[in-house]
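Structure file query08.txt; described as compact mmCIF, C-alpha atoms.
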```txt
# COMPACT_ATOMS: atom_id res chain seq x y z
CA MET A 246 -5.34 -18.54 -18.19
CA LYS A 247 -7.52 -16.05 -16.33
CA LYS A 248 -7.47 -16.12 -12.52
CA ASN A 249 -10.57 -15.65 -10.38
CA ILE A 250 -9.74 -12.81 -7.99
CA ILE A 251 -11.49 -11.15 -5.07
CA PHE A 252 -10.19 -7.58 -4.86
CA LEU A 253 -10.61 -5.41 -1.75
CA GLY A 254 -9.69 -1.72 -2.01
CA SER A 255 -9.92 -1.57 -5.80
CA THR A 256 -11.20 2.04 -5.82
CA GLY A 257 -8.37 3.52 -3.75
CA PHE A 258 -5.20 5.40 -4.61
CA LEU A 259 -3.24 2.17 -5.04
CA GLY A 260 -6.13 -0.11 -5.87
CA TYR A 261 -7.41 1.62 -8.98
CA PRO A 262 -4.17 1.52 -11.03
CA ILE A 263 -3.80 -2.14 -10.05
CA LEU A 264 -7.38 -2.85 -11.17
CA LYS A 265 -6.71 -1.17 -14.53
CA LYS A 266 -3.55 -3.23 -14.96
CA ILE A 267 -5.10 -6.66 -14.25
CA ARG A 268 -8.82 -6.59 -15.08
CA SER A 269 -8.57 -7.47 -18.78
CA LYS A 270 -6.75 -10.75 -18.12
CA ASN A 271 -8.55 -11.90 -14.97
CA ASN A 272 -12.05 -12.46 -13.61
CA ILE A 273 -12.52 -10.05 -10.72
CA ILE A 274 -15.15 -9.48 -8.06
CA GLN A 275 -14.52 -6.23 -6.23
CA ILE A 276 -15.40 -5.77 -2.57
CA ASN A 277 -15.50 -2.17 -1.40
CA SER A 278 -17.50 0.28 0.70
CA LEU A 279 -19.37 1.92 -2.19
CA PRO A 280 -23.10 1.25 -2.79
CA THR A 281 -23.60 -0.56 -6.08
CA ASN A 282 -25.91 -2.74 -8.14
CA LYS A 283 -23.19 -4.15 -10.37
CA LYS A 284 -22.90 -7.93 -10.28
CA ASN A 285 -19.09 -7.90 -10.08
CA ILE A 286 -19.00 -5.50 -7.11
CA ILE A 287 -20.09 -6.34 -3.56
CA ASN A 288 -20.43 -3.87 -0.72
CA ILE A 289 -18.27 -4.99 2.21
CA LYS A 290 -21.26 -4.67 4.56
CA ASN A 291 -23.17 -7.23 2.51
CA PHE A 292 -20.41 -9.70 1.70
CA LYS A 293 -21.42 -12.35 4.27
CA ARG A 294 -24.98 -12.39 2.94
CA LYS A 295 -23.55 -12.80 -0.56
CA ILE A 296 -20.98 -15.43 0.31
CA HIS A 297 -22.86 -17.88 -1.92
CA ILE A 298 -22.02 -15.66 -4.91
CA LEU A 299 -18.35 -15.78 -3.99
CA GLU A 300 -18.46 -19.56 -3.49
CA LYS A 301 -19.96 -19.98 -6.95
CA PHE A 302 -17.28 -17.67 -8.37
CA LYS A 303 -14.59 -20.05 -7.02
CA PRO A 304 -11.92 -17.43 -6.23
CA GLU A 305 -8.29 -18.49 -6.37
CA ILE A 306 -6.66 -15.25 -5.18
CA ILE A 307 -7.50 -12.43 -2.79
CA ILE A 308 -5.88 -9.03 -3.36
CA ASP A 309 -6.43 -6.95 -0.25
CA LEU A 310 -5.55 -3.26 -0.15
CA GLY A 311 -8.52 -2.33 2.01
CA TRP A 312 -8.03 -0.21 5.13
CA SER A 313 -10.75 2.25 6.03
CA GLY A 314 -10.44 5.72 7.52
CA ILE A 315 -6.92 6.59 6.33
CA PRO A 316 -5.29 8.92 7.40
CA ASN A 317 -7.08 8.30 10.72
CA TYR A 318 -4.52 6.26 12.66
CA SER A 319 -6.29 6.45 16.00
CA LEU A 320 -6.52 3.38 18.23
CA GLU A 321 -10.27 3.24 17.66
CA ASN A 322 -10.00 3.22 13.87
CA SER A 323 -7.07 0.80 13.88
CA PHE A 324 -8.96 -1.58 16.17
CA THR A 325 -12.05 -1.36 13.96
CA ASN A 326 -9.97 -2.28 10.90
CA LEU A 327 -8.39 -5.20 12.74
CA LYS A 328 -11.79 -6.56 13.83
CA ASN A 329 -13.15 -6.17 10.30
CA LYS A 330 -10.17 -8.02 8.81
CA ILE A 331 -10.57 -10.94 11.20
CA PHE A 332 -14.31 -11.10 10.53
CA PHE A 333 -13.78 -11.00 6.78
CA TYR A 334 -11.12 -13.70 6.67
CA GLU A 335 -12.86 -15.97 9.18
CA ASN A 336 -15.72 -16.11 6.69
CA ILE A 337 -14.06 -15.84 3.29
CA LEU A 338 -11.47 -18.53 3.98
CA LYS A 339 -14.25 -21.09 4.29
CA ILE A 340 -14.15 -21.04 0.48
CA LYS A 341 -11.85 -23.94 -0.35
CA THR A 342 -10.69 -22.69 -3.75
CA ILE A 343 -8.63 -19.80 -2.33
CA LYS A 344 -4.92 -20.53 -2.71
CA LYS A 345 -3.21 -17.13 -2.41
CA ILE A 346 -3.62 -13.85 -0.50
CA ILE A 347 -1.73 -10.74 -1.60
CA ILE A 348 -2.20 -8.12 1.11
CA THR A 349 -0.58 -4.80 2.01
CA GLY A 350 1.15 -4.16 5.29
CA THR A 351 3.20 -1.02 5.97
CA CYS A 352 6.81 0.05 6.44
CA TYR A 353 5.68 1.47 9.81
CA GLU A 354 5.87 -2.08 11.13
CA TYR A 355 9.64 -1.69 11.52
CA GLU A 356 10.93 -0.59 14.90
CA ASN A 357 14.04 1.18 13.59
CA LYS A 358 13.06 3.70 10.93
CA ASN A 359 16.56 5.08 10.44
CA LYS A 360 18.16 2.34 8.39
CA THR A 361 17.87 0.16 5.30
CA CYS A 362 15.27 -2.32 6.55
CA ILE A 363 15.28 -6.01 5.76
CA GLU A 364 12.31 -8.30 6.35
CA HIS A 365 13.70 -10.06 9.42
CA ASP A 366 14.40 -6.78 11.24
CA LYS A 367 12.64 -6.20 14.54
CA VAL A 368 9.07 -4.90 14.30
CA SER A 369 7.18 -2.69 16.73
CA TYR A 370 3.61 -2.68 18.03
CA ASN A 371 3.97 0.81 19.55
CA HIS A 372 2.07 2.66 16.81
CA ASN A 373 -1.67 2.11 16.38
CA LEU A 374 -1.33 1.35 12.67
CA SER A 375 1.62 -1.01 13.03
CA TRP A 376 -0.11 -2.81 15.91
CA ALA A 377 -3.26 -3.39 13.87
CA LYS A 378 -1.35 -4.38 10.72
CA LEU A 379 1.00 -6.78 12.54
CA SER A 380 -1.92 -8.29 14.45
CA THR A 381 -3.65 -8.87 11.10
CA PHE A 382 -0.49 -10.49 9.76
CA ASN A 383 -0.11 -12.77 12.79
CA PHE A 384 -3.73 -13.88 12.51
CA LEU A 385 -3.46 -14.55 8.77
CA GLU A 386 -0.08 -16.26 9.04
CA GLN A 387 -1.51 -18.87 11.39
CA LYS A 388 -4.76 -19.21 9.41
CA CYS A 389 -3.01 -19.57 6.06
CA SER A 390 -0.53 -22.08 7.47
CA GLU A 391 -3.40 -24.27 8.66
CA LEU A 392 -5.23 -24.01 5.32
CA LYS A 393 -2.09 -24.23 3.14
CA ILE A 394 -2.76 -20.81 1.57
CA ASN A 395 0.10 -18.73 0.17
CA LEU A 396 0.30 -15.45 2.13
CA ILE A 397 2.20 -12.57 0.49
CA TRP A 398 2.51 -9.64 2.92
CA LEU A 399 3.75 -6.48 1.18
CA ARG A 400 5.40 -3.88 3.40
CA ILE A 401 4.95 -0.88 1.16
CA PHE A 402 7.15 2.13 1.79
CA TYR A 403 6.18 5.69 0.75
CA ALA A 404 3.76 5.25 -2.15
CA TYR A 405 3.14 8.31 -4.33
CA GLY A 406 1.67 9.34 -7.68
CA SER A 407 -1.26 11.20 -9.20
CA GLY A 408 -4.44 11.10 -7.15
CA GLN A 409 -2.77 10.90 -3.75
CA ARG A 410 -4.47 12.37 -0.68
CA ASN A 411 -3.96 16.13 -0.28
CA VAL A 412 -2.39 15.67 3.17
CA SER A 413 0.46 13.61 1.70
CA LEU A 414 3.82 15.31 1.22
CA ILE A 415 3.94 15.86 -2.56
CA PRO A 416 0.35 17.08 -3.10
CA HIS A 417 0.66 19.22 0.04
CA ILE A 418 3.69 21.05 -1.38
CA ILE A 419 2.11 21.43 -4.83
CA ASN A 420 -1.22 22.70 -3.50
CA SER A 421 0.51 25.09 -1.11
CA ILE A 422 2.49 26.64 -3.97
CA LYS A 423 -0.66 26.93 -6.09
CA SER A 424 -2.41 28.65 -3.18
CA ASN A 425 0.55 31.00 -2.67
CA ILE A 426 1.15 29.81 0.88
CA GLU A 427 4.17 28.21 2.49
CA PRO A 428 3.86 24.43 2.95
CA SER A 429 4.05 23.11 6.48
CA LEU A 430 7.29 21.14 6.55
CA ARG A 431 9.10 20.17 9.73
CA ASN A 432 11.49 17.37 8.81
CA LEU A 433 13.35 18.71 5.78
CA ASP A 434 16.33 16.40 6.18
CA HIS A 435 14.30 13.23 6.56
CA LYS A 436 15.03 10.79 3.75
CA ASN A 437 12.47 8.16 2.81
CA ASP A 438 12.02 5.52 0.13
CA PHE A 439 9.31 6.70 -2.30
CA ILE A 440 7.73 4.06 -4.55
CA HIS A 441 5.45 5.03 -7.45
CA LYS A 442 1.96 3.51 -7.54
CA ASP A 443 2.52 2.18 -11.09
CA ASP A 444 5.55 0.19 -9.94
CA ILE A 445 3.41 -1.35 -7.19
CA ALA A 446 0.73 -2.19 -9.77
CA ASN A 447 3.32 -3.95 -11.94
CA LEU A 448 4.46 -6.00 -8.94
CA ILE A 449 0.90 -7.12 -8.13
CA LYS A 450 0.44 -8.18 -11.75
CA ILE A 451 3.53 -10.40 -11.45
CA LEU A 452 2.45 -11.83 -8.07
CA ILE A 453 -0.88 -12.98 -9.51
CA ARG A 454 0.95 -15.30 -11.92
CA LYS A 455 4.09 -16.17 -9.98
CA ASN A 456 4.22 -18.44 -6.95
CA ILE A 457 6.64 -17.27 -4.27
CA LYS A 458 7.15 -18.26 -0.64
CA SER A 459 4.77 -16.98 2.02
CA GLY A 460 5.98 -14.14 4.19
CA PRO A 461 6.63 -10.40 4.36
CA TYR A 462 8.26 -8.58 1.43
CA ASN A 463 9.51 -5.00 1.30
CA VAL A 464 8.21 -2.90 -1.57
CA GLY A 465 10.25 0.21 -2.29
CA THR A 466 13.00 1.40 -4.62
CA GLY A 467 15.97 0.70 -2.36
CA LYS A 468 16.86 4.41 -2.60
CA SER A 469 15.90 7.45 -0.56
CA ILE A 470 15.29 11.13 -1.21
CA SER A 471 14.96 13.92 1.33
CA VAL A 472 11.94 16.13 1.91
CA ARG A 473 14.22 19.08 1.11
CA ASP A 474 15.19 17.66 -2.29
CA ILE A 475 11.56 16.90 -3.20
CA CYS A 476 10.61 20.43 -2.22
CA ASN A 477 13.48 21.87 -4.27
CA LEU A 478 12.38 19.94 -7.35
CA ILE A 479 8.77 21.10 -7.08
CA TYR A 480 9.71 24.76 -6.54
CA LYS A 481 12.07 24.49 -9.52
CA ILE A 482 9.22 23.22 -11.73
CA PHE A 483 7.10 26.21 -10.70
CA ASP A 484 10.15 28.47 -11.28
CA ILE A 485 9.85 29.88 -7.77
CA LYS A 486 12.64 30.27 -5.24
CA MET A 487 12.18 27.84 -2.38
CA PRO A 488 11.67 29.55 1.01
CA SER A 489 14.21 29.15 3.78
CA PHE A 490 12.18 26.78 5.90
CA GLU A 491 12.85 26.52 9.59
CA ASN A 492 13.82 22.91 10.24
CA SER A 493 12.19 22.23 13.61
CA TYR A 494 13.34 18.60 13.77
CA ASN A 495 17.12 18.30 13.75
CA LYS A 496 17.47 14.52 13.81
CA LYS A 497 18.17 13.12 10.33
CA ILE A 498 16.31 9.99 9.30
CA ASN A 499 17.17 7.74 6.35
CA PHE A 500 14.41 5.11 6.03
CA VAL A 501 14.92 2.74 3.09
CA ALA A 502 13.64 -0.64 1.92
CA ASN A 503 16.02 -3.48 1.22
CA ILE A 504 14.21 -5.01 -1.77
CA THR A 505 16.55 -7.95 -2.41
CA LYS A 506 13.99 -10.51 -1.28
CA ILE A 507 11.15 -9.39 -3.59
CA VAL A 508 13.52 -8.84 -6.54
CA LYS A 509 14.98 -12.35 -6.21
CA ALA A 510 11.54 -13.92 -5.83
CA THR A 511 9.86 -12.16 -8.77
CA ASN A 512 12.49 -10.49 -10.99
CA TRP A 513 10.46 -7.30 -10.50
CA LYS A 514 12.33 -4.03 -10.26
CA PRO A 515 10.96 -0.52 -9.79
CA LYS A 516 11.34 1.55 -12.94
CA ILE A 517 10.08 4.98 -11.84
CA LEU A 518 12.34 7.19 -9.76
CA LEU A 519 11.10 10.33 -8.07
CA ASN A 520 12.54 13.08 -10.26
CA GLU A 521 11.57 16.30 -12.03
CA LYS A 522 9.93 14.53 -14.97
CA VAL A 523 7.70 12.39 -12.74
CA LEU A 524 6.77 15.37 -10.56
CA LYS A 525 5.82 17.42 -13.65
CA LYS A 526 3.42 14.69 -14.68
CA ILE A 527 1.84 14.63 -11.21
CA ILE A 528 1.41 18.41 -11.37
CA ASN A 529 -0.04 18.26 -14.89
CA ASP A 530 -2.45 15.50 -13.79
CA GLY A 531 -3.74 17.82 -11.09
CA THR A 532 -1.88 16.00 -8.27
```

What's the structure tokens form of this structure?
Amino acid sequence: MKKNIIFLGSTGFLGYPILKKIRSKNNIIQINSLPTNKKNIINIKNFKRKIHILEKFKPEIIIDLGWSGIPNYSLENSFTNLKNKIFFYENILKIKTIKKIIITGTCYEYENKNKTCIEHDKVSYNHNLSWAKLSTFNFLEQKCSELKINLIWLRIFYAYGSGQRNVSLIPHIINSIKSNIEPSLRNLDHKNDFIHKDDIANLIKILIRKNIKSGPYNVGTGKSISVRDICNLIYKIFDIKMPSFENSYNKKINFVANITKIVKATNWKPKILLNEKVLKKIINDGT
């Protein structure tokens, strides 16, 4: 049976592959920042005036990947996003048919970023983004508890894939090589957990149908790869010798998601590992 879904952030790097994956089997109203005349898309600035349309739609699920201004992580932009989230949910949750919210947090919420993180690990409000995200979570956790709404908070680790922002690691290296310049890399020995956007899309598809307990869930692969190894793979694909980069940051970081909780709850497992074949596809797709 088709679900009635309100989808925020459906045009973004993560949102679009999710939209493609779920739109044929669900009824979806998109809410984004783009001007439009389409009946199934509402501009976020106009959503309160069009709340009657959403009430008539009788949404069951909200998928929320919206966060404006990325990669602007300033206090001002983070505070603006927090205020907008509170305003949106204070209004949208007046619709009584909503039973589930699937929303993205960030791995930056964790205080210790040099370990395999589990959901009950200590979080930190010291970064503008983590402060705004955690404040959003705290607000929604209380609100959803009162209204008996299922809140699924996805702490996504290092998402990648075709169409990523140019400032992100993989497109930065690829574009630098294409431009015959040396990429700006400082932390060559940092290891992070990279999760492909298509794996995230497959998880969202499962979460629409499957009921799991409210709370935060890590979304990663459970494995890490270093900046150096990613760089080596990309230079190998281009058949160019990798430069001897000066590593200006000597501390080694290994930041990984423990994904036991989400795997047990959904039977989902990531299928795409960051390797030469996947990187070739990203390059062929034009990053």

Length of the CA of Phe500 in chain A to CA of Cys362 in chain A vector [Å]: 7.5 Å

Straight-line distance linking CA of Lys388 in chain A with CA of Lys328 in chain A, stated in Å to one decimal: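 About the pair CA of Lys388 in chain A and CA of Lys328 in chain A: they are 15.1 Å apart.
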
Contacts of Asp443 in chain A within 8 Å, all atoms listed in the file, excl. fewer than 5 positions in-chain, as a list in words: Pro262, Ile263 and Gly406 of chain A

Of the listed residues A:Gly408, A:Gly314, A:Gly467, A:Pro280, that which approaches Tyr261 in chain A most closely, counting only C-alpha atoms: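 Smallest distance to Tyr261 in chain A is found for A:Gly408.
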
For Ala510 in chain A, the nearest of the candidates A:Ile343, A:Leu524, A:Ile457, A:Ile485, counting all atoms listed in the file: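 For Ala510 in chain A, the nearest of the candidates is A:Ile457.
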